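K.L.:
Supplied structure: run04.cif, mmCIF, C-alpha atoms.
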data_model
#
loop_
_atom_site.group_PDB
_atom_site.id
_atom_site.type_symbol
_atom_site.label_atom_id
_atom_site.label_comp_id
_atom_site.auth_asym_id
_atom_site.auth_seq_id
_atom_site.Cartn_x
_atom_site.Cartn_y
_atom_site.Cartn_z
ATOM 1 C CA MET I 1 212.640 -48.331 48.714
ATOM 2 C CA ASN I 2 211.990 -50.252 45.507
ATOM 3 C CA VAL I 3 209.025 -49.692 43.189
ATOM 4 C CA LYS I 4 207.479 -53.114 43.896
ATOM 5 C CA LEU I 5 207.236 -52.316 47.621
ATOM 6 C CA ILE I 6 205.625 -48.959 46.815
ATOM 7 C CA GLU I 7 203.138 -50.651 44.465
ATOM 8 C CA ASP I 8 202.136 -53.100 47.215
ATOM 9 C CA MET I 9 201.810 -50.255 49.682
ATOM 10 C CA PHE I 10 199.445 -48.338 47.371
ATOM 11 C CA LYS I 11 197.420 -51.465 46.590
ATOM 12 C CA ASN I 12 196.849 -51.900 50.334
ATOM 13 C CA HIS I 13 195.449 -48.347 50.405
ATOM 14 C CA ASN I 14 193.123 -48.748 47.376
ATOM 15 C CA GLY I 15 195.480 -46.844 45.108
ATOM 16 C CA VAL I 16 195.588 -43.503 46.961
ATOM 17 C CA MET I 17 197.748 -42.550 49.949
ATOM 18 C CA LYS I 18 198.017 -39.509 52.182
ATOM 19 C CA THR I 19 201.373 -37.909 52.948
ATOM 20 C CA SER I 20 201.094 -39.099 56.569
ATOM 21 C CA GLU I 21 200.460 -42.686 55.402
ATOM 22 C CA LEU I 22 203.560 -42.550 53.189
ATOM 23 C CA TYR I 23 205.652 -41.311 56.120
ATOM 24 C CA ASP I 24 204.151 -43.984 58.411
ATOM 25 C CA ASN I 25 205.261 -46.602 55.848
ATOM 26 C CA GLY I 26 208.858 -45.447 55.932
ATOM 27 C CA ILE I 27 209.010 -43.039 52.992
ATOM 28 C CA THR I 28 210.966 -39.878 53.793
ATOM 29 C CA LYS I 29 210.255 -36.338 52.523
ATOM 30 C CA TYR I 30 213.349 -36.626 50.342
ATOM 31 C CA GLU I 31 212.151 -39.940 48.826
ATOM 32 C CA LEU I 32 208.678 -38.540 48.222
ATOM 33 C CA LYS I 33 210.168 -35.607 46.267
ATOM 34 C CA LYS I 34 212.385 -38.034 44.347
ATOM 35 C CA PHE I 35 209.433 -40.311 43.458
ATOM 36 C CA LEU I 36 207.434 -37.308 42.245
ATOM 37 C CA ALA I 37 210.361 -35.966 40.169
ATOM 38 C CA SER I 38 211.038 -39.367 38.603
ATOM 39 C CA ASN I 39 207.365 -39.864 37.682
ATOM 40 C CA ILE I 40 206.766 -42.849 39.966
ATOM 41 C CA LEU I 41 204.169 -40.970 42.038
ATOM 42 C CA GLU I 42 201.812 -38.158 41.127
ATOM 43 C CA ARG I 43 200.073 -35.628 43.351
ATOM 44 C CA LEU I 44 196.263 -35.676 43.174
ATOM 45 C CA SER I 45 195.483 -32.902 45.617
ATOM 46 C CA LYS I 46 197.110 -31.405 48.674
ATOM 47 C CA GLY I 47 198.494 -34.327 50.685
ATOM 48 C CA TYR I 48 197.230 -37.145 48.410
ATOM 49 C CA TYR I 49 199.188 -39.248 45.913
ATOM 50 C CA LYS I 50 198.832 -42.182 43.526
ATOM 51 C CA MET I 51 201.277 -44.240 41.496
ATOM 52 C CA VAL I 52 201.586 -43.100 37.909
ATOM 53 C CA ASN I 53 201.378 -46.661 36.552
ATOM 54 C CA GLN I 54 198.438 -47.848 38.709
ATOM 55 C CA GLU I 55 194.943 -47.535 37.303
ATOM 56 C CA ILE I 56 192.347 -45.984 39.582
ATOM 57 C CA SER I 57 189.082 -44.472 38.387
ATOM 58 C CA ASP I 58 188.362 -40.767 38.796
ATOM 59 C CA ILE I 59 185.471 -41.649 41.109
ATOM 60 C CA GLY I 60 187.833 -43.895 43.088
ATOM 61 C CA ILE I 61 190.200 -40.961 43.597
ATOM 62 C CA VAL I 62 187.438 -38.583 44.712
ATOM 63 C CA SER I 63 185.856 -41.100 47.106
ATOM 64 C CA LYS I 64 189.249 -41.810 48.711
ATOM 65 C CA VAL I 65 190.297 -38.156 49.071
ATOM 66 C CA VAL I 66 186.861 -36.832 50.109
ATOM 67 C CA PRO I 67 184.823 -39.813 51.412
ATOM 68 C CA SER I 68 182.004 -37.500 52.576
ATOM 69 C CA ALA I 69 181.505 -36.053 49.049
ATOM 70 C CA VAL I 70 178.064 -36.567 47.495
ATOM 71 C CA LEU I 71 177.656 -36.862 43.715
ATOM 72 C CA CYS I 72 175.274 -34.189 42.511
ATOM 73 C CA PHE I 73 174.056 -32.227 39.467
ATOM 74 C CA ASP I 74 175.604 -33.281 36.126
ATOM 75 C CA SER I 75 177.385 -36.346 37.565
ATOM 76 C CA ALA I 76 174.269 -37.652 39.327
ATOM 77 C CA LEU I 77 172.035 -36.848 36.316
ATOM 78 C CA PHE I 78 174.376 -38.857 34.076
ATOM 79 C CA HIS I 79 174.576 -41.762 36.559
ATOM 80 C CA TYR I 80 170.765 -42.045 36.709
ATOM 81 C CA GLY I 81 170.446 -41.776 32.920
ATOM 82 C CA TYR I 82 168.617 -38.448 33.200
ATOM 83 C CA SER I 83 171.266 -36.876 30.957
ATOM 84 C CA ASP I 84 173.298 -38.435 28.148
ATOM 85 C CA ARG I 85 175.921 -35.710 28.390
ATOM 86 C CA ILE I 86 179.181 -36.989 29.909
ATOM 87 C CA PRO I 87 180.135 -34.425 32.573
ATOM 88 C CA SER I 88 183.378 -32.523 31.998
ATOM 89 C CA ALA I 89 184.035 -32.656 35.756
ATOM 90 C CA ILE I 90 182.936 -34.729 38.735
ATOM 91 C CA HIS I 91 180.245 -32.694 40.488
ATOM 92 C CA ILE I 92 180.250 -33.144 44.262
ATOM 93 C CA ALA I 93 178.466 -31.541 47.185
ATOM 94 C CA ILE I 94 180.496 -31.192 50.366
ATOM 95 C CA ASN I 95 180.162 -29.649 53.802
ATOM 96 C CA LYS I 96 180.691 -25.875 53.553
ATOM 97 C CA ASP I 97 182.941 -26.045 56.627
ATOM 98 C CA ILE I 98 185.456 -28.363 54.949
ATOM 99 C CA SER I 99 188.774 -26.841 53.887
ATOM 100 C CA LYS I 100 188.617 -25.598 50.284
ATOM 101 C CA SER I 101 192.132 -26.962 49.694
ATOM 102 C CA LYS I 102 190.804 -30.489 50.401
ATOM 103 C CA VAL I 103 188.833 -30.399 47.138
ATOM 104 C CA LYS I 104 191.430 -28.620 45.006
ATOM 105 C CA PHE I 105 192.392 -31.544 42.790
ATOM 106 C CA ASP I 106 195.281 -31.529 40.329
ATOM 107 C CA TYR I 107 193.426 -34.458 38.763
ATOM 108 C CA PRO I 108 190.614 -35.395 38.142
ATOM 109 C CA PHE I 109 188.571 -32.285 37.355
ATOM 110 C CA VAL I 110 186.187 -31.707 40.241
ATOM 111 C CA LYS I 111 183.442 -29.113 40.614
ATOM 112 C CA ALA I 112 182.625 -28.734 44.306
ATOM 113 C CA TYR I 113 179.461 -27.194 45.758
ATOM 114 C CA PHE I 114 179.750 -26.146 49.395
ATOM 115 C CA VAL I 115 176.527 -26.941 51.257
ATOM 116 C CA GLU I 116 175.070 -26.402 54.746
ATOM 117 C CA PRO I 117 175.529 -29.636 56.783
ATOM 118 C CA PHE I 118 171.776 -30.286 57.271
ATOM 119 C CA LEU I 119 171.141 -29.914 53.522
ATOM 120 C CA LEU I 120 174.173 -32.010 52.587
ATOM 121 C CA GLU I 121 172.737 -35.123 54.272
ATOM 122 C CA LEU I 122 169.239 -34.755 52.817
ATOM 123 C CA GLY I 123 168.386 -37.617 50.449
ATOM 124 C CA VAL I 124 171.855 -39.187 50.391
ATOM 125 C CA GLU I 125 172.159 -42.765 49.149
ATOM 126 C CA LYS I 126 175.050 -45.107 48.340
ATOM 127 C CA THR I 127 175.807 -46.326 44.854
ATOM 128 C CA THR I 128 178.624 -48.205 43.138
ATOM 129 C CA ILE I 129 180.446 -46.658 40.176
ATOM 130 C CA ASP I 130 183.562 -48.205 38.618
ATOM 131 C CA ASP I 131 183.733 -50.727 41.517
ATOM 132 C CA THR I 132 183.781 -47.823 43.979
ATOM 133 C CA GLU I 133 181.141 -47.114 46.608
ATOM 134 C CA MET I 134 180.143 -43.453 46.438
ATOM 135 C CA LEU I 135 177.517 -41.237 48.043
ATOM 136 C CA ILE I 136 174.948 -39.763 45.661
ATOM 137 C CA TYR I 137 171.759 -37.736 45.981
ATOM 138 C CA SER I 138 168.590 -39.738 45.449
ATOM 139 C CA ARG I 139 166.657 -39.190 42.231
ATOM 140 C CA ASP I 140 164.010 -37.225 44.098
ATOM 141 C CA ARG I 141 166.439 -34.920 45.925
ATOM 142 C CA LEU I 142 168.380 -34.386 42.676
ATOM 143 C CA ILE I 143 165.303 -33.180 40.793
ATOM 144 C CA CYS I 144 164.468 -30.759 43.629
ATOM 145 C CA ASP I 145 168.013 -29.379 43.429
ATOM 146 C CA CYS I 146 167.699 -28.953 39.665
ATOM 147 C CA LEU I 147 164.459 -27.025 40.133
ATOM 148 C CA TYR I 148 166.004 -24.953 42.934
ATOM 149 C CA TYR I 149 168.892 -23.938 40.637
ATOM 150 C CA GLU I 150 166.694 -23.823 37.519
ATOM 151 C CA ASN I 151 168.035 -20.401 36.461
ATOM 152 C CA LYS I 152 171.623 -21.694 36.494
ATOM 153 C CA MET I 153 170.888 -24.795 34.407
ATOM 154 C CA GLU I 154 170.576 -25.141 30.657
ATOM 155 C CA ILE I 155 166.869 -25.397 29.899
ATOM 156 C CA GLU I 156 167.431 -28.423 27.611
ATOM 157 C CA LEU I 157 169.328 -30.296 30.340
ATOM 158 C CA LEU I 158 166.647 -29.488 32.938
ATOM 159 C CA ASN I 159 163.761 -30.535 30.670
ATOM 160 C CA LYS I 160 165.486 -33.806 29.765
ATOM 161 C CA ALA I 161 166.152 -34.542 33.455
ATOM 162 C CA ILE I 162 162.492 -33.908 34.363
ATOM 163 C CA THR I 163 161.204 -36.014 31.435
ATOM 164 C CA ASN I 164 163.458 -38.934 32.390
ATOM 165 C CA TYR I 165 162.545 -38.610 36.065
ATOM 166 C CA ILE I 166 158.826 -38.781 35.229
ATOM 167 C CA LYS I 167 159.442 -41.997 33.245
ATOM 168 C CA ASP I 168 161.645 -43.529 35.973
ATOM 169 C CA PRO I 169 159.910 -46.429 37.797
ATOM 170 C CA LYS I 170 162.271 -45.876 40.752
ATOM 171 C CA LYS I 171 161.036 -42.341 41.457
ATOM 172 C CA ASN I 172 159.355 -41.756 44.827
ATOM 173 C CA ILE I 173 156.761 -38.992 44.650
ATOM 174 C CA SER I 174 156.220 -38.759 48.417
ATOM 175 C CA LYS I 175 159.988 -38.264 48.875
ATOM 176 C CA LEU I 176 160.011 -35.753 46.015
ATOM 177 C CA MET I 177 157.326 -33.709 47.790
ATOM 178 C CA GLU I 178 159.134 -34.017 51.139
ATOM 179 C CA TYR I 179 162.366 -32.661 49.618
ATOM 180 C CA ALA I 180 160.471 -30.050 47.585
ATOM 181 C CA LYS I 181 159.014 -28.633 50.805
ATOM 182 C CA ILE I 182 162.451 -28.449 52.463
ATOM 183 C CA ARG I 183 164.066 -26.955 49.316
ATOM 184 C CA LYS I 184 161.068 -24.587 48.875
ATOM 185 C CA VAL I 185 160.338 -25.686 45.302
ATOM 186 C CA GLU I 186 156.844 -27.142 45.814
ATOM 187 C CA LYS I 187 155.260 -24.756 43.301
ATOM 188 C CA LYS I 188 157.885 -25.623 40.673
ATOM 189 C CA VAL I 189 157.278 -29.345 41.277
ATOM 190 C CA TYR I 190 153.513 -28.886 40.813
ATOM 191 C CA ASP I 191 154.012 -26.717 37.705
ATOM 192 C CA LYS I 192 156.623 -28.864 35.941
ATOM 193 C CA ILE I 193 155.947 -32.386 37.208
ATOM 194 C CA GLY I 194 152.485 -32.422 38.799
ATOM 195 C CA ILE I 195 150.584 -32.518 35.500
ATOM 196 C CA TRP I 196 152.358 -35.754 34.524
ATOM 197 C CA LEU I 197 151.708 -37.617 37.763
#
I need this file expressed as structure tokens, please.
P.N.:
Amino acid sequence: MNVKLIEDMFKNHNGVMKTSELYDNGITKYELKKFLASNILERLSKGYYKMVNQEISDIGIVSKVVPSAVLCFDSALFHYGYSDRIPSAIHIAINKDISKSKVKFDYPFVKAYFVEPFLLELGVEKTTIDDTEMLIYSRDRLICDCLYYENKMEIELLNKAITNYIKDPKKNISKLMEYAKIRKVEKKVYDKIGIWL
């Protein structure tokens, strides 16, 4: 199979294809190995590939490989402008029952947090990053998570996130309190945010 046909095939799959999709499109195991060895294709994670010469954003890769992933922590803080620190990895929350190998990426760097299903869906919204639709935690849910994991966060990062949240016209205090109750951080919300509201 020539490279042009492979390029078209990958374009039809938004730049990322599963092993089964490659086989369904007529590529054999032998050809797949050959394309990997000759640097035409590269492996992203177990069972997922992209063309070496085709541009696809890191977010695009993650959303294609794990469509149920939710951007959280450092990645969500940066997206909302609550942190100016570019994350060294893409931080995602995923269902704790999902196979760990599914989120073991060769590239990009991904930090996965395995979450109970009912908590995973709490406060999820859709956003667009690099022309890719991605799930993300709402501002209000994100701040509750930061307070919940306060002891694991850098104090400077947490304080900056809270300050920027307080200034954010898109914040929703009733949602914040709803999530704070579920995440059991109501006291922290009152102590750290209440005085500014």
K.L.:
Name the residues in contact with Phe73 in chain I at a cut-off of 8 Å, using all atoms listed in the file, excluding same-chain residues fewer than 2 positions from it; report them as a short mmCIF file (atom, residue, chain, number, x, y, z; two decimals) with C-alpha atoms, in the coordinates of the input.
P.N.:
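After the write, selection_7.cif holds the following:
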data_model
loop_
_atom_site.label_atom_id
_atom_site.label_comp_id
_atom_site.auth_asym_id
_atom_site.auth_seq_id
_atom_site.Cartn_x
_atom_site.Cartn_y
_atom_site.Cartn_z
CA LEU I 71 177.66 -36.86 43.72
CA SER I 75 177.38 -36.35 37.56
CA ALA I 76 174.27 -37.65 39.33
CA LEU I 77 172.04 -36.85 36.32
CA HIS I 91 180.24 -32.69 40.49
CA ILE I 92 180.25 -33.14 44.26
CA LEU I 142 168.38 -34.39 42.68
CA ASP I 145 168.01 -29.38 43.43
CA CYS I 146 167.70 -28.95 39.66
#
K.L.:
Figure out the distance between CA of Val52 in chain I and CA of Glu7 in chain I, please, to one decimal in Å.
P.N.:
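Separating CA of Glu7 in chain I from CA of Val52 in chain I is a distance of 10.1 Å.
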K.L.:
Check the smallest atom-to-atom distance from each of I:Leu147, I:Ile40, I:Val115, I:Ile94 to Ala69 in chain I using only C-alpha atoms, then report the winner.
P.N.:
I:Ile94
K.L.:
Specify as a list in words each residue included when the PyMOL selection byres ((chain I and resi 190) around 12) is applied to this file.
P.N.:
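Checked against the file, the PyMOL selection byres ((chain I and resi 190) around 12) matches Cys144, Leu147, Ile173, Leu176, Met177, Ala180, Lys181, Lys184, Val185, Glu186, Lys187, Lys188, Val189, Asp191, Lys192, Ile193, Gly194, Ile195, Trp196 and Leu197 of chain I.
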K.L.:
Could you tell me which residues the PyMOL selection byres ((chain I and resi 97) around 10) grabs in this file, written as a list of chain:residue names?
P.N.:
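So the PyMOL selection byres ((chain I and resi 97) around 10) ends up selecting I:Ile94, I:Asn95, I:Lys96, I:Ile98, I:Ser99, I:Lys100, I:Phe114, I:Val115, I:Glu116, I:Pro117.
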K.L.:
Excluding same-chain residues fewer than 3 positions from range 162-171 of chain I, what lies within 7 Å of it counting only C-alpha atoms, as a VMD selection string?
P.N.:
chain I and resid 82 139 to 140 158 to 159
K.L.:
Range 87-89 of chain I: which residues within 9 Å, counting all atoms listed in the file, same-chain residues fewer than 5 positions away excluded, as a ChimeraX atom specification?
P.N.:
/I:74-75,78,108-111
K.L.:
Can you tell me, as number ranges by chain, what residues are no more than 12 Å from Tyr48 in chain I when counting all atoms listed in the file, ignoring any on the same chain fewer than 5 positions away?
P.N.:
I: 10, 13, 15-22, 32, 36, 41-43, 61-62, 64-66, 101-107
K.L.:
Taking C-alpha atoms for each residue, export the selection above as a compact mmCIF listing (two decimals), in the frame of the given file.
P.N.:
# COMPACT_ATOMS: atom_id res chain seq x y z
CA PHE I 10 199.44 -48.34 47.37
CA HIS I 13 195.45 -48.35 50.40
CA GLY I 15 195.48 -46.84 45.11
CA VAL I 16 195.59 -43.50 46.96
CA MET I 17 197.75 -42.55 49.95
CA LYS I 18 198.02 -39.51 52.18
CA THR I 19 201.37 -37.91 52.95
CA SER I 20 201.09 -39.10 56.57
CA GLU I 21 200.46 -42.69 55.40
CA LEU I 22 203.56 -42.55 53.19
CA LEU I 32 208.68 -38.54 48.22
CA LEU I 36 207.43 -37.31 42.24
CA LEU I 41 204.17 -40.97 42.04
CA GLU I 42 201.81 -38.16 41.13
CA ARG I 43 200.07 -35.63 43.35
CA ILE I 61 190.20 -40.96 43.60
CA VAL I 62 187.44 -38.58 44.71
CA LYS I 64 189.25 -41.81 48.71
CA VAL I 65 190.30 -38.16 49.07
CA VAL I 66 186.86 -36.83 50.11
CA SER I 101 192.13 -26.96 49.69
CA LYS I 102 190.80 -30.49 50.40
CA VAL I 103 188.83 -30.40 47.14
CA LYS I 104 191.43 -28.62 45.01
CA PHE I 105 192.39 -31.54 42.79
CA ASP I 106 195.28 -31.53 40.33
CA TYR I 107 193.43 -34.46 38.76
K.L.:
Which of these, I:Leu5, I:Val70, I:Ile27, I:Met153, has the shortest distance to Tyr137 in chain I once you count only C-alpha atoms?
P.N.:
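Of all the options, I:Val70 lies closest to Tyr137 in chain I.
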K.L.:
For CA of Tyr23 in chain I and CA of Gly47 in chain I, quote the distance in Å rounded to one decimal.
P.N.:
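Those two atoms sit 11.4 Å apart.
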K.L.:
How many Å lie between CA of Ile59 in chain I and CA of Ile155 in chain I, rounded to one decimal?
P.N.:
27.1 Å
K.L.:
Counting all atoms listed in the file, which of I:Ile182, I:Leu122, I:Ile136, I:Met9 gets nearest to Tyr80 in chain I?
P.N.:
I:Ile136
K.L.:
Is it possible to get the axis-aligned box enclosing range 79-88 of chain I (all listed atoms, 5 Å extra per side) as lines of an AutoDock Vina configuration file, with centre and edge lengths in Å rounded to one decimal?
P.N.:
center_x = 176.0
center_y = -37.3
center_z = 32.4
size_x = 24.8
size_y = 19.5
size_z = 18.6
K.L.:
Would you kindly translate the PyMOL selection byres ((chain I and resi 132) around 8) into the concrete residues it picks from this file, as a ChimeraX atom specification?
P.N.:
/I:59-60,63,128-131,133-134
K.L.:
Could you save the residues just selected, with C-alpha atoms, as a compact mmCIF listing (two decimals), keeping the file's coordinate frame?
P.N.:
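result20.txt was written with the following content:
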# COMPACT_ATOMS: atom_id res chain seq x y z
CA ILE I 59 185.47 -41.65 41.11
CA GLY I 60 187.83 -43.90 43.09
CA SER I 63 185.86 -41.10 47.11
CA THR I 128 178.62 -48.20 43.14
CA ILE I 129 180.45 -46.66 40.18
CA ASP I 130 183.56 -48.20 38.62
CA ASP I 131 183.73 -50.73 41.52
CA GLU I 133 181.14 -47.11 46.61
CA MET I 134 180.14 -43.45 46.44
K.L.:
Given the choices I:Arg183, I:Lys11, I:Lys33, I:His79, which gets closest to Glu55 in chain I if the distance is worked out from only C-alpha atoms?
P.N.:
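Using only C-alpha atoms, the shortest distance to Glu55 in chain I belongs to I:Lys11.
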